[in-house]
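Enquirer: start.pdb is reproduced in full below (PDB, C-alpha atoms and all ligand atoms).
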ATOM      1  CA  MET C   1       0.000   0.000   0.000
ATOM      2  CA  SER C   2       1.341   3.446  -0.860
ATOM      3  CA  GLU C   3       0.296   6.806   0.530
ATOM      4  CA  ARG C   4       0.769  10.214  -1.006
ATOM      5  CA  PHE C   5       1.519  13.467   0.788
ATOM      6  CA  ASP C   6       1.773  17.090  -0.282
ATOM      7  CA  VAL C   7       4.758  17.655   2.008
ATOM      8  CA  VAL C   8       7.076  15.261   3.835
ATOM      9  CA  ILE C   9       9.089  16.742   6.708
ATOM     10  CA  VAL C  10      11.960  14.736   8.194
ATOM     11  CA  GLY C  11      12.505  15.311  11.911
ATOM     12  CA  ALA C  12      10.006  16.186  14.668
ATOM     13  CA  GLY C  13      12.114  18.730  16.513
ATOM     14  CA  ILE C  14      10.988  22.325  16.905
ATOM     15  CA  SER C  15      11.830  23.152  13.260
ATOM     16  CA  GLY C  16       9.934  20.268  11.671
ATOM     17  CA  SER C  17       7.026  20.466  14.114
ATOM     18  CA  SER C  18       6.650  24.209  13.631
ATOM     19  CA  LEU C  19       6.857  23.825   9.869
ATOM     20  CA  ALA C  20       4.150  21.124   9.920
ATOM     21  CA  TRP C  21       1.885  23.272  12.111
ATOM     22  CA  HIS C  22       2.274  26.344   9.885
ATOM     23  CA  LEU C  23       1.708  24.383   6.685
ATOM     24  CA  LYS C  24      -1.514  22.862   8.083
ATOM     25  CA  LYS C  25      -2.641  26.295   9.294
ATOM     26  CA  ARG C  26      -2.148  27.604   5.751
ATOM     27  CA  GLY C  27      -4.287  24.868   4.276
ATOM     28  CA  VAL C  28      -1.835  22.213   3.134
ATOM     29  CA  LYS C  29      -3.905  19.039   3.367
ATOM     30  CA  ARG C  30      -1.557  16.087   3.681
ATOM     31  CA  VAL C  31       1.585  16.704   5.715
ATOM     32  CA  LEU C  32       3.742  13.820   6.949
ATOM     33  CA  LEU C  33       6.079  14.561   9.867
ATOM     34  CA  ALA C  34       8.521  11.619   9.947
ATOM     35  CA  GLU C  35      10.604  11.013  13.075
ATOM     36  CA  ARG C  36      13.154   8.223  13.522
ATOM     37  CA  ASP C  37      13.003   8.278  17.316
ATOM     38  CA  ARG C  38      10.551  10.329  19.406
ATOM     39  CA  PRO C  39       9.339  13.933  18.957
ATOM     40  CA  ALA C  40      11.868  16.351  20.505
ATOM     41  CA  SER C  41      14.425  13.562  20.953
ATOM     42  CA  GLY C  42      17.145  15.737  19.385
ATOM     43  CA  GLY C  43      18.344  19.172  20.443
ATOM     44  CA  THR C  44      14.783  20.377  21.029
ATOM     45  CA  GLY C  45      14.285  18.145  24.046
ATOM     46  CA  LYS C  46      17.544  19.410  25.586
ATOM     47  CA  SER C  47      16.938  23.121  25.025
ATOM     48  CA  ALA C  48      16.846  25.540  27.947
ATOM     49  CA  ALA C  49      14.223  27.487  25.929
ATOM     50  CA  ILE C  50      16.068  30.782  26.169
ATOM     51  CA  VAL C  51      15.127  33.105  23.277
ATOM     52  CA  ARG C  52      18.469  34.711  22.556
ATOM     53  CA  GLN C  53      19.214  37.363  19.944
ATOM     54  CA  HIS C  54      22.845  36.706  19.058
ATOM     55  CA  TYR C  55      23.322  34.416  16.057
ATOM     56  CA  SER C  56      26.152  34.052  13.569
ATOM     57  CA  THR C  57      23.994  33.354  10.505
ATOM     58  CA  PRO C  58      21.570  35.837   8.894
ATOM     59  CA  LEU C  59      18.772  33.231   8.721
ATOM     60  CA  MET C  60      18.915  32.461  12.460
ATOM     61  CA  ALA C  61      19.136  36.173  13.291
ATOM     62  CA  ARG C  62      16.012  36.870  11.189
ATOM     63  CA  MET C  63      14.121  33.996  12.863
ATOM     64  CA  ALA C  64      15.036  35.293  16.329
ATOM     65  CA  ARG C  65      13.983  38.831  15.378
ATOM     66  CA  ALA C  66      10.687  37.611  13.935
ATOM     67  CA  SER C  67       9.936  35.678  17.137
ATOM     68  CA  LEU C  68       9.994  38.950  19.097
ATOM     69  CA  ASP C  69       7.340  40.383  16.790
ATOM     70  CA  ARG C  70       5.152  37.391  17.665
ATOM     71  CA  GLY C  71       5.382  38.054  21.375
ATOM     72  CA  PHE C  72       7.867  35.324  22.364
ATOM     73  CA  LYS C  73       9.958  37.404  24.736
TER      74      LYS C  73
HETATM   75  C1  LIG C 101      21.749  21.366  25.873
HETATM   76  C2  LIG C 101      21.143  22.302  24.835
HETATM   77  C3  LIG C 101      20.555  23.492  25.262
HETATM   78  C4  LIG C 101      20.040  24.378  24.327
HETATM   79  N1  LIG C 101      19.451  25.542  24.762
HETATM   80  C5  LIG C 101      18.920  26.398  23.873
HETATM   81  C6  LIG C 101      18.277  27.614  24.306
HETATM   82  O1  LIG C 101      18.205  27.896  25.479
HETATM   83  N2  LIG C 101      17.765  28.427  23.363
HETATM   84  C7  LIG C 101      17.819  28.136  22.021
HETATM   85  O2  LIG C 101      17.332  28.938  21.226
HETATM   86  N3  LIG C 101      18.409  27.002  21.584
HETATM   87  C8  LIG C 101      18.947  26.131  22.468
HETATM   88  N4  LIG C 101      19.542  24.995  22.024
HETATM   89  C9  LIG C 101      19.548  24.739  20.593
HETATM   90  C10 LIG C 101      18.180  24.241  20.157
HETATM   91  O3  LIG C 101      17.740  23.204  21.037
HETATM   92  C11 LIG C 101      18.283  23.692  18.734
HETATM   93  O4  LIG C 101      18.817  24.689  17.875
HETATM   94  C12 LIG C 101      16.926  23.301  18.192
HETATM   95  O5  LIG C 101      16.208  22.488  19.132
HETATM   96  C13 LIG C 101      17.099  22.558  16.883
HETATM   97  O6  LIG C 101      15.827  22.155  16.480
HETATM   98  P1  LIG C 101      15.674  21.299  15.170
HETATM   99  O7  LIG C 101      14.213  20.969  15.045
HETATM  100  O8  LIG C 101      16.322  22.016  14.037
HETATM  101  O9  LIG C 101      16.556  19.996  15.430
HETATM  102  P2  LIG C 101      16.326  18.784  16.459
HETATM  103  O10 LIG C 101      15.577  19.192  17.699
HETATM  104  O11 LIG C 101      17.650  18.144  16.646
HETATM  105  O12 LIG C 101      15.356  17.820  15.659
HETATM  106  C14 LIG C 101      15.790  17.023  14.580
HETATM  107  C15 LIG C 101      14.954  15.760  14.611
HETATM  108  O13 LIG C 101      15.176  15.060  13.395
HETATM  109  C16 LIG C 101      15.224  13.687  13.670
HETATM  110  N5  LIG C 101      15.923  13.073  12.565
HETATM  111  C17 LIG C 101      17.207  13.298  12.165
HETATM  112  N6  LIG C 101      17.489  12.558  11.083
HETATM  113  C18 LIG C 101      16.364  11.870  10.788
HETATM  114  C19 LIG C 101      16.032  10.934   9.783
HETATM  115  N7  LIG C 101      16.927  10.560   8.836
HETATM  116  N8  LIG C 101      14.789  10.410   9.750
HETATM  117  C20 LIG C 101      13.868  10.778  10.694
HETATM  118  N9  LIG C 101      14.121  11.657  11.684
HETATM  119  C21 LIG C 101      15.363  12.196  11.726
HETATM  120  C22 LIG C 101      15.927  13.598  15.017
HETATM  121  O14 LIG C 101      15.647  12.381  15.684
HETATM  122  C23 LIG C 101      15.333  14.812  15.749
HETATM  123  O15 LIG C 101      14.179  14.483  16.510
HETATM  124  C24 LIG C 101      20.069  24.074  22.941
HETATM  125  C25 LIG C 101      20.634  22.854  22.525
HETATM  126  C26 LIG C 101      21.162  21.972  23.446
HETATM  127  C27 LIG C 101      21.746  20.662  22.959
END
For this file, write the structure as structure tokens.
Expert:
Amino acid sequence: MSERFDVVIVGAGISGSSLAWHLKKRGVKRVLLAERDRPASGGTGKSAAIVRQHYSTPLMARMARASLDRGFK
């Protein structure tokens, strides 16, 4: 038996889980979030959950800045 998905995301850490949530919220019907172990079994489960603002890559800096605009302070 084969199944078809619109999007397949590998890894149920914060990045993959957030991406899946936002895609569903925007109307993507069939999203598969594939995890080899357990959700948050990677770095996400070890995080101290501090929202810092100092990053060495432009992408991470933009994500941190955008999180402030969403009220995650
Ligand atoms: C001790 C510690 C403390 C931290 N504290 C902070 C903090 O205070 N603030 C902060 O902003 N950041 C912190 N971080 C960093 C933060 O946790 C990570 O940047 C973030 O969790 C990464 O999320 P991710 O979803 O990209 O990756 P991950 O959480 O690592 O998720 C990746 C997932 O993909 C799965 N996976 C990998 N390969 C496959 C495969 N082939 N098939 C299926 N599944 C697969 C893994 O099992 C894992 O569950 C900390 C990290 C550590 C280790």
Enquirer: Have a look at C:Ala20, C:Ala34, C:Val7, C:Leu68 and name the one nearest to ligand LIG 101 (chain C); count only C-alpha atoms and all ligand atoms.
Expert: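 Looking at the shortest contact to ligand LIG 101 (chain C), the residue is C:Ala34.
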Enquirer: List all protein, DNA and RNA residues that have at least one atom no more than 6 Å from any atom of ligand LIG 101 (chain C), counting only C-alpha atoms and all ligand atoms, and write them as number ranges by chain.
Expert: C: 10-16, 34-37, 39-44, 46-51
Enquirer: May I ask for the distance between CA of Asp6 (chain C) and CA of Leu33 (chain C), given in Å to one decimal place?
Expert: 11.3 Å
Enquirer: Show me, as a list in words, the residues that have an atom within 12 Å of region 52-57 of chain C when counting all atoms listed in the file, minus same-chain residues fewer than 4 positions from it.
Expert: Ser47, Ala48, Ala61, Arg62, Met63, Ala64, Arg65, Ala66, Ser67, Leu68, Phe72 and Lys73 of chain C
Enquirer: Determine the residue membership of the PyMOL selection byres (((chain C and resi 4) around 12) and not hetatm) for the file above and supply it as a list in words.
Expert: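 Checked against the file, the PyMOL selection byres (((chain C and resi 4) around 12) and not hetatm) matches Met1, Ser2, Glu3, Phe5, Asp6, Val7, Val8, Lys29, Arg30, Val31 and Leu32 of chain C.
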